[in-house]
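J.: Next comes the structure file target-v4.tsv, holding TSV, C-alpha atoms.
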```tsv
chain	number	residue	atom	x	y	z
A	316	MET	CA	124.33	-10.48	75.41
A	317	HIS	CA	122.96	-7.95	72.95
A	318	GLU	CA	125.12	-5.31	71.56
A	319	PRO	CA	123.51	-1.87	71.73
A	320	SER	CA	122.17	-0.73	68.45
A	321	LEU	CA	122.94	2.66	66.98
A	322	ARG	CA	119.43	3.93	67.71
A	323	SER	CA	119.49	2.92	71.34
A	324	SER	CA	122.87	4.51	71.82
A	325	ARG	CA	121.65	7.77	70.47
A	326	LEU	CA	118.61	7.70	72.76
A	327	ALA	CA	120.82	7.03	75.75
A	328	ILE	CA	123.10	9.91	74.91
A	329	ALA	CA	120.17	12.27	74.39
A	330	GLY	CA	118.59	11.24	77.64
A	331	GLY	CA	121.79	11.87	79.55
A	332	PHE	CA	122.13	15.25	77.96
A	333	VAL	CA	118.59	16.24	78.96
A	334	ALA	CA	119.18	15.01	82.50
A	335	ALA	CA	122.33	17.11	82.78
A	336	ILE	CA	120.47	20.21	81.63
A	337	ALA	CA	117.68	19.57	84.13
A	338	ILE	CA	120.13	19.15	87.00
A	339	ALA	CA	122.01	22.34	86.01
A	340	GLY	CA	118.78	24.37	85.80
A	341	ALA	CA	117.63	23.15	89.19
A	342	GLY	CA	120.96	24.13	90.73
A	343	PHE	CA	120.75	27.60	89.20
A	344	LEU	CA	117.26	28.21	90.56
A	345	LEU	CA	118.23	26.89	93.97
A	346	GLY	CA	121.23	29.24	94.02
A	347	ARG	CA	119.07	32.28	93.20
A	348	THR	CA	116.57	31.57	95.94
A	349	THR	CA	119.32	31.17	98.54
A	350	SER	CA	121.60	34.03	97.42
A	351	PRO	CA	122.19	36.37	100.42
A	352	GLY	CA	122.43	39.45	98.21
A	353	ASP	CA	119.02	39.11	96.63
A	354	GLU	CA	116.77	40.23	99.48
A	355	PRO	CA	113.34	41.70	98.76
A	356	ALA	CA	113.26	45.50	98.41
A	357	PRO	CA	112.10	47.24	101.60
A	358	VAL	CA	108.70	48.87	101.49
A	359	ALA	CA	109.08	52.68	101.55
A	360	ALA	CA	107.44	54.41	104.49
A	361	PRO	CA	104.67	56.84	103.49
A	362	GLN	CA	106.03	60.37	103.10
A	363	GLN	CA	104.69	63.12	105.33
A	364	PRO	CA	103.14	66.03	103.39
A	365	ALA	CA	105.38	69.10	103.18
A	366	PRO	CA	104.31	71.88	105.54
A	367	VAL	CA	102.33	74.65	103.87
A	368	VAL	CA	104.33	77.90	103.94
A	369	ILE	CA	102.08	80.96	104.01
A	370	PRO	CA	103.95	83.97	102.60
A	371	PRO	CA	103.77	87.14	104.70
A	372	PRO	CA	101.37	89.80	103.43
A	373	PRO	CA	103.01	92.41	101.20
A	374	LYS	CA	104.26	95.46	103.04
A	375	ILE	CA	102.14	98.50	102.25
A	376	GLU	CA	104.19	101.67	102.43
A	377	ALA	CA	102.56	104.98	103.22
A	378	PRO	CA	102.63	107.43	100.32
A	379	ARG	CA	105.52	109.85	100.48
A	380	LEU	CA	104.77	113.35	101.70
A	381	LEU	CA	105.01	115.96	98.97
A	382	GLY	CA	107.59	118.62	99.78
A	383	ARG	CA	108.43	122.07	98.50
A	384	ALA	CA	110.16	120.74	95.38
A	385	ASP	CA	107.12	118.58	94.56
A	386	ILE	CA	104.65	121.47	94.85
A	387	ILE	CA	106.88	123.63	92.63
A	388	ALA	CA	107.07	120.77	90.12
A	389	LEU	CA	103.25	120.50	90.04
A	390	GLY	CA	103.03	124.20	89.18
A	391	ASP	CA	105.77	123.99	86.55
A	392	ARG	CA	104.23	120.98	84.80
A	393	ALA	CA	100.77	122.55	84.82
A	394	ALA	CA	102.21	125.79	83.41
A	395	ASP	CA	103.99	123.86	80.68
A	396	ALA	CA	100.74	122.06	79.77
A	397	LEU	CA	98.91	125.39	79.55
A	398	THR	CA	101.50	127.07	77.32
A	399	SER	CA	101.87	123.94	75.16
A	400	GLY	CA	98.16	123.40	74.69
A	401	ALA	CA	98.53	119.90	76.11
A	402	PRO	CA	96.41	118.09	78.72
A	403	LEU	CA	97.63	118.00	82.29
A	404	PRO	CA	100.16	115.21	82.93
A	405	ALA	CA	98.72	112.24	84.80
A	406	ASP	CA	100.73	112.88	87.97
A	407	VAL	CA	99.39	116.46	88.10
A	408	ALA	CA	95.81	115.52	87.27
A	409	ASN	CA	95.85	112.78	89.94
A	410	ALA	CA	97.57	114.77	92.69
A	411	ALA	CA	94.36	115.22	94.72
A	412	GLY	CA	94.51	113.36	98.01
A	413	ARG	CA	98.30	113.50	98.35
A	414	ARG	CA	99.55	114.87	101.64
A	415	PHE	CA	102.19	117.60	101.73
A	416	GLU	CA	104.46	119.52	104.07
A	417	ILE	CA	106.03	122.59	102.52
A	418	MET	CA	108.38	125.28	103.80
A	419	VAL	CA	107.97	128.94	102.86
A	420	PRO	CA	111.07	130.95	103.87
A	421	PHE	CA	110.57	134.67	104.43
A	422	GLY	CA	112.34	137.65	105.94
A	423	CYS	CA	115.60	136.57	104.35
A	424	ASP	CA	116.71	140.19	103.81
A	425	GLY	CA	116.33	141.13	107.46
A	426	PRO	CA	113.66	142.93	109.48
A	427	ALA	CA	110.88	144.81	107.71
A	428	PRO	CA	111.11	148.62	107.88
A	429	GLU	CA	108.74	150.56	110.10
A	430	GLY	CA	105.30	150.78	108.52
A	431	SER	CA	105.90	147.87	106.13
A	432	THR	CA	102.79	146.19	104.70
A	433	ALA	CA	104.56	143.05	103.48
A	434	SER	CA	102.40	139.99	104.05
A	435	LEU	CA	105.33	138.04	105.54
A	436	ARG	CA	107.57	140.11	107.81
A	437	TRP	CA	109.32	140.28	111.16
A	438	ARG	CA	110.88	142.89	113.46
A	439	TYR	CA	113.00	142.62	116.59
A	440	ASP	CA	113.16	145.32	119.25
A	441	ALA	CA	116.42	144.80	121.14
A	442	ASP	CA	115.53	147.39	123.80
A	443	LYS	CA	112.26	145.67	124.63
A	444	GLN	CA	113.65	142.23	123.76
A	445	THR	CA	110.55	141.60	121.69
A	446	LEU	CA	110.24	139.60	118.47
A	447	ARG	CA	107.17	140.21	116.29
A	448	ILE	CA	106.36	137.98	113.32
A	449	HIS	CA	103.49	138.67	110.95
A	450	ALA	CA	102.14	136.26	108.30
A	451	ALA	CA	99.02	137.45	106.49
A	452	PRO	CA	97.47	135.03	103.99
A	453	ALA	CA	96.42	136.28	100.58
A	454	ARG	CA	92.78	136.03	99.52
A	455	TRP	CA	91.34	135.56	96.05
A	456	GLY	CA	88.02	135.10	94.36
A	457	ALA	CA	87.24	132.51	91.69
A	458	ASP	CA	87.45	135.20	88.99
A	459	ASP	CA	91.04	135.98	90.00
A	460	TRP	CA	92.01	132.51	88.78
A	461	GLY	CA	89.68	132.32	85.79
A	462	ILE	CA	87.45	129.78	87.52
A	463	ALA	CA	83.83	129.83	86.41
A	464	GLN	CA	81.15	129.37	89.04
A	465	THR	CA	78.93	126.33	88.60
A	466	GLY	CA	75.69	128.11	89.53
A	467	ARG	CA	74.47	131.61	90.18
A	468	ALA	CA	72.67	130.60	93.37
A	469	GLU	CA	75.89	129.31	94.95
A	470	PRO	CA	78.09	131.69	96.95
A	471	GLU	CA	81.28	132.77	95.24
A	472	THR	CA	84.18	130.42	95.75
A	473	ARG	CA	86.89	132.14	97.80
A	474	PHE	CA	90.48	131.09	98.35
A	475	GLU	CA	92.96	131.80	101.13
A	476	GLY	CA	96.59	130.84	101.16
A	477	PHE	CA	100.16	131.90	100.58
A	478	TRP	CA	102.42	132.74	97.68
A	479	ILE	CA	105.35	130.33	97.48
A	480	THR	CA	108.37	132.58	97.86
A	481	ARG	CA	111.21	132.11	95.36
A	482	PRO	CA	109.43	129.34	93.39
A	483	TRP	CA	112.54	128.82	91.25
A	484	SER	CA	114.33	127.25	94.23
A	485	SER	CA	113.57	124.09	96.20
A	486	ALA	CA	115.63	125.36	99.17
A	487	GLU	CA	113.68	125.33	102.43
A	488	ARG	CA	115.87	127.98	104.09
A	489	CYS	CA	117.02	131.42	103.16
A	490	PRO	CA	120.17	131.35	101.03
A	491	LYS	CA	123.45	132.31	102.64
A	492	GLY	CA	124.25	135.98	102.31
A	493	SER	CA	120.65	136.83	101.49
A	494	GLY	CA	120.80	139.76	103.87
A	495	GLN	CA	122.96	141.60	101.30
A	496	ALA	CA	120.17	141.68	98.71
A	497	ALA	CA	118.89	145.14	99.66
A	498	SER	CA	119.53	147.96	97.22
A	499	ALA	CA	122.22	150.54	97.87
A	500	ASN	CA	119.76	153.28	98.86
A	501	GLY	CA	118.23	151.14	101.59
A	502	GLN	CA	114.89	150.71	99.83
A	503	PRO	CA	113.48	147.22	99.39
A	504	VAL	CA	114.24	145.51	96.11
A	505	THR	CA	111.24	145.40	93.73
A	506	LEU	CA	110.58	141.79	92.80
A	507	PRO	CA	108.57	140.49	89.82
A	508	GLY	CA	105.03	139.30	90.43
A	509	GLN	CA	104.49	136.06	92.27
A	510	THR	CA	103.84	133.00	90.11
A	511	LEU	CA	102.86	130.12	92.42
A	512	ALA	CA	100.30	130.02	95.24
A	513	LEU	CA	99.15	127.29	97.61
A	514	ALA	CA	95.64	127.99	98.87
A	515	GLU	CA	92.49	126.34	100.10
A	516	ILE	CA	88.86	126.93	99.28
A	517	LEU	CA	87.73	129.08	102.16
A	518	GLN	CA	85.09	127.19	104.10
A	519	GLN	CA	82.85	128.80	106.69
A	520	GLU	CA	84.15	126.72	109.59
A	521	LYS	CA	87.76	127.70	108.84
A	522	ARG	CA	87.29	131.43	108.31
A	523	ARG	CA	89.39	133.67	110.55
A	524	GLY	CA	88.15	136.96	109.18
A	525	ASP	CA	91.01	139.27	108.30
A	526	ARG	CA	93.24	138.16	111.15
A	527	PRO	CA	96.82	137.33	110.17
A	528	TYR	CA	98.97	134.70	111.81
A	529	GLU	CA	101.03	136.64	114.31
A	530	THR	CA	103.21	135.91	117.28
A	531	VAL	CA	104.90	138.26	119.76
A	532	GLN	CA	107.58	136.75	121.95
A	533	ARG	CA	110.12	137.92	124.47
A	534	VAL	CA	113.60	136.90	123.30
A	535	THR	CA	116.85	138.05	124.88
A	536	PRO	CA	119.54	139.33	122.50
A	537	GLU	CA	121.85	136.42	123.26
A	538	ARG	CA	119.09	133.96	122.25
A	539	PHE	CA	117.88	135.85	119.21
A	540	SER	CA	119.05	134.66	115.80
A	541	SER	CA	117.76	135.70	112.39
A	542	ALA	CA	120.69	134.34	110.42
A	543	GLN	CA	118.34	132.35	108.16
A	544	GLY	CA	115.23	134.48	108.39
A	545	PHE	CA	112.06	132.63	109.36
A	546	ARG	CA	109.70	130.24	107.62
A	547	LEU	CA	106.16	128.96	107.46
A	548	ARG	CA	105.59	125.23	107.62
A	549	LEU	CA	102.31	124.37	105.87
A	550	SER	CA	100.92	120.84	106.09
A	551	GLY	CA	97.75	119.40	104.65
A	552	ARG	CA	96.31	117.64	101.61
A	553	ILE	CA	95.98	118.43	97.90
A	554	GLU	CA	92.33	118.99	96.94
A	555	ARG	CA	90.29	119.50	93.76
A	556	LEU	CA	88.70	122.56	92.24
A	557	PRO	CA	84.98	122.44	91.37
A	558	GLY	CA	86.01	121.50	87.80
A	559	GLY	CA	88.03	118.51	89.01
A	560	GLN	CA	91.65	119.60	88.60
A	561	SER	CA	94.04	120.42	91.45
A	562	VAL	CA	96.20	123.04	89.69
A	563	GLN	CA	94.88	126.09	87.86
A	564	CYS	CA	97.19	128.27	85.73
A	565	ILE	CA	96.40	131.55	84.02
A	566	GLN	CA	98.14	134.12	81.80
A	567	PRO	CA	96.30	137.42	82.37
A	568	ALA	CA	98.75	139.41	80.24
A	569	GLY	CA	98.84	137.00	77.31
A	570	ILE	CA	100.97	134.18	76.03
A	571	GLU	CA	104.27	136.01	76.61
A	572	GLN	CA	103.64	136.11	80.36
A	573	ARG	CA	104.96	133.43	82.65
A	574	PRO	CA	101.90	131.49	83.88
A	575	ILE	CA	100.61	132.13	87.39
A	576	CYS	CA	99.47	128.91	89.03
A	577	LEU	CA	97.33	127.95	92.02
A	578	VAL	CA	97.68	124.59	93.77
A	579	VAL	CA	94.47	123.85	95.67
A	580	ALA	CA	94.83	122.38	99.15
A	581	SER	CA	93.33	122.10	102.58
A	582	PHE	CA	95.58	123.08	105.49
A	583	ASP	CA	95.77	120.98	108.63
A	584	GLU	CA	98.42	122.98	110.44
A	585	ILE	CA	100.42	126.18	110.04
A	586	ARG	CA	103.63	126.85	111.98
A	587	ILE	CA	106.11	129.67	112.23
A	588	GLU	CA	109.65	128.41	112.77
A	589	ASN	CA	113.16	129.74	113.20
A	590	PRO	CA	115.31	127.54	110.93
A	591	ALA	CA	118.53	128.77	112.58
A	592	THR	CA	117.50	127.18	115.89
A	593	ASN	CA	114.91	124.63	114.63
A	594	GLU	CA	112.51	126.19	117.13
A	595	THR	CA	108.75	126.27	116.57
A	596	LEU	CA	107.57	129.74	117.54
A	597	ALA	CA	103.82	129.35	116.99
A	598	THR	CA	101.36	126.71	115.79
A	599	TRP	CA	97.79	126.96	114.50
A	600	SER	CA	95.64	123.86	113.98
A	601	MET	CA	93.34	124.32	111.02
A	602	ARG	CA	91.15	121.28	111.56
A	603	PRO	CA	87.51	122.25	112.10
A	604	VAL	CA	86.41	121.95	115.72
A	605	ALA	CA	83.47	119.60	116.14
A	606	ARG	CA	80.52	121.29	117.78
A	607	ALA	CA	78.61	119.53	120.50
A	608	ALA	CA	75.04	118.57	119.66
A	609	PRO	CA	72.42	120.81	121.32
```
What is this file in structure tokens?
T.:
Amino acid sequence: MHEPSLRSSRLAIAGGFVAAIAIAGAGFLLGRTTSPGDEPAPVAAPQQPAPVVIPPPPKIEAPRLLGRADIIALGDRAADALTSGAPLPADVANAAGRRFEIMVPFGCDGPAPEGSTASLRWRYDADKQTLRIHAAPARWGADDWGIAQTGRAEPETRFEGFWITRPWSSAERCPKGSGQAASANGQPVTLPGQTLALAEILQQEKRRGDRPYETVQRVTPERFSSAQGFRLRLSGRIERLPGGQSVQCIQPAGIEQRPICLVVASFDEIRIENPATNETLATWSMRPVARAAP
């Protein structure tokens, strides 16, 4: 019997050690492949594309109607530009095309005296129960507003419209207590010259001759009310003068005079109303009537 040598003993020990490592590694790998918690990751289902959301179209709001205060502001800003030697502000220069509806109160001091020639007036006959309202437009030539004609062969530009009563106030009705404004001797109060007009270039198809806007109505005393006078309601569109601007201001008496301004427009409709009752007393459509072809 041979005794193991030192070299053979070492080889035997090393071989056993290697075998133990091999067995341990095999067990580790076998455990990983059979571990219940190490399942393959599920395959994600393909995602559906998100629905395309089409935003609603932007809401387009109709331009605001210009009112009495706006027309007065156009005149004031144009007058300031004239007296300052400055160009017209952009909102004044670009006013053409804007639609307006403006109130012109009149008859605030009561009925006109017999024989009155006031352009805006009214009278009520209690015995005959008759209400008469008279509204005569003013008429001007181009020279009245310092507007040069573009050519000698062209007919003179004419304007027809109304002075804006009390252009220092945006109120659309007569002020309370206005009936007390008459002088003590019963004569009408003399007012300074008018300073703001709204008028259109007088076209052939719109000409009414010299006829005013008048209405005569039967109104019983119990239904009649003139507590707030009467008013014109003018509706239409801002237009341009031959030179391009929509507001023309002049100072005939020199730089110390308050400017007198004209806002150029075309009228679609003119009404006479009683603001105390909100009743429309008369209406005139100013749109040209289309003529049938021959």
J.: Using all atoms listed in the file, find all polymer residues with an atom at most 12 Å away from the point (108.7, 118.5, 90.6); report them as number ranges by chain.
T.: A: 381-393, 404, 406-407, 410, 482-485
J.: Return the single residue from A:Gln464, A:Gln362, A:Ser561, A:Thr530 that is closest to Thr445 in chain A, with distances computed using only C-alpha atoms.
T.: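 Among the listed residues, A:Thr530 lies closest to Thr445 in chain A.
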J.: Give me the residues near Asp458 in chain A as a list of chain:residue names, where near means some atom within 12 Å (using only C-alpha atoms) and where sequence neighbours in that chain fewer than 4 positions away do not count.
T.: A:Arg454, A:Ile462, A:Ala463, A:Gln464, A:Glu471, A:Thr472, A:Arg473, A:Phe474, A:Gln563, A:Ile565, A:Pro567
J.: Counting only C-alpha atoms, which residue out of A:Leu380, A:Ile575, A:Val534, A:Ile516 sits closest to Asp442 in chain A?
T.: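 Closest candidate: A:Val534.
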J.: If we count only C-alpha atoms and set the cut-off at 10 Å, which residues sit around Arg586 in chain A, ignoring sequence neighbours fewer than 3 positions away in its own chain? Please answer as a PyMOL selection string.
T.: chain A and resi 418+528+546-550+595-600
J.: Between A:Phe582, A:Tyr439, A:Phe477, A:Trp455, which has the minimum distance to Phe539 in chain A (counting only C-alpha atoms)?
T.: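 Of the candidates, the smallest distance to Phe539 in chain A is held by A:Tyr439.
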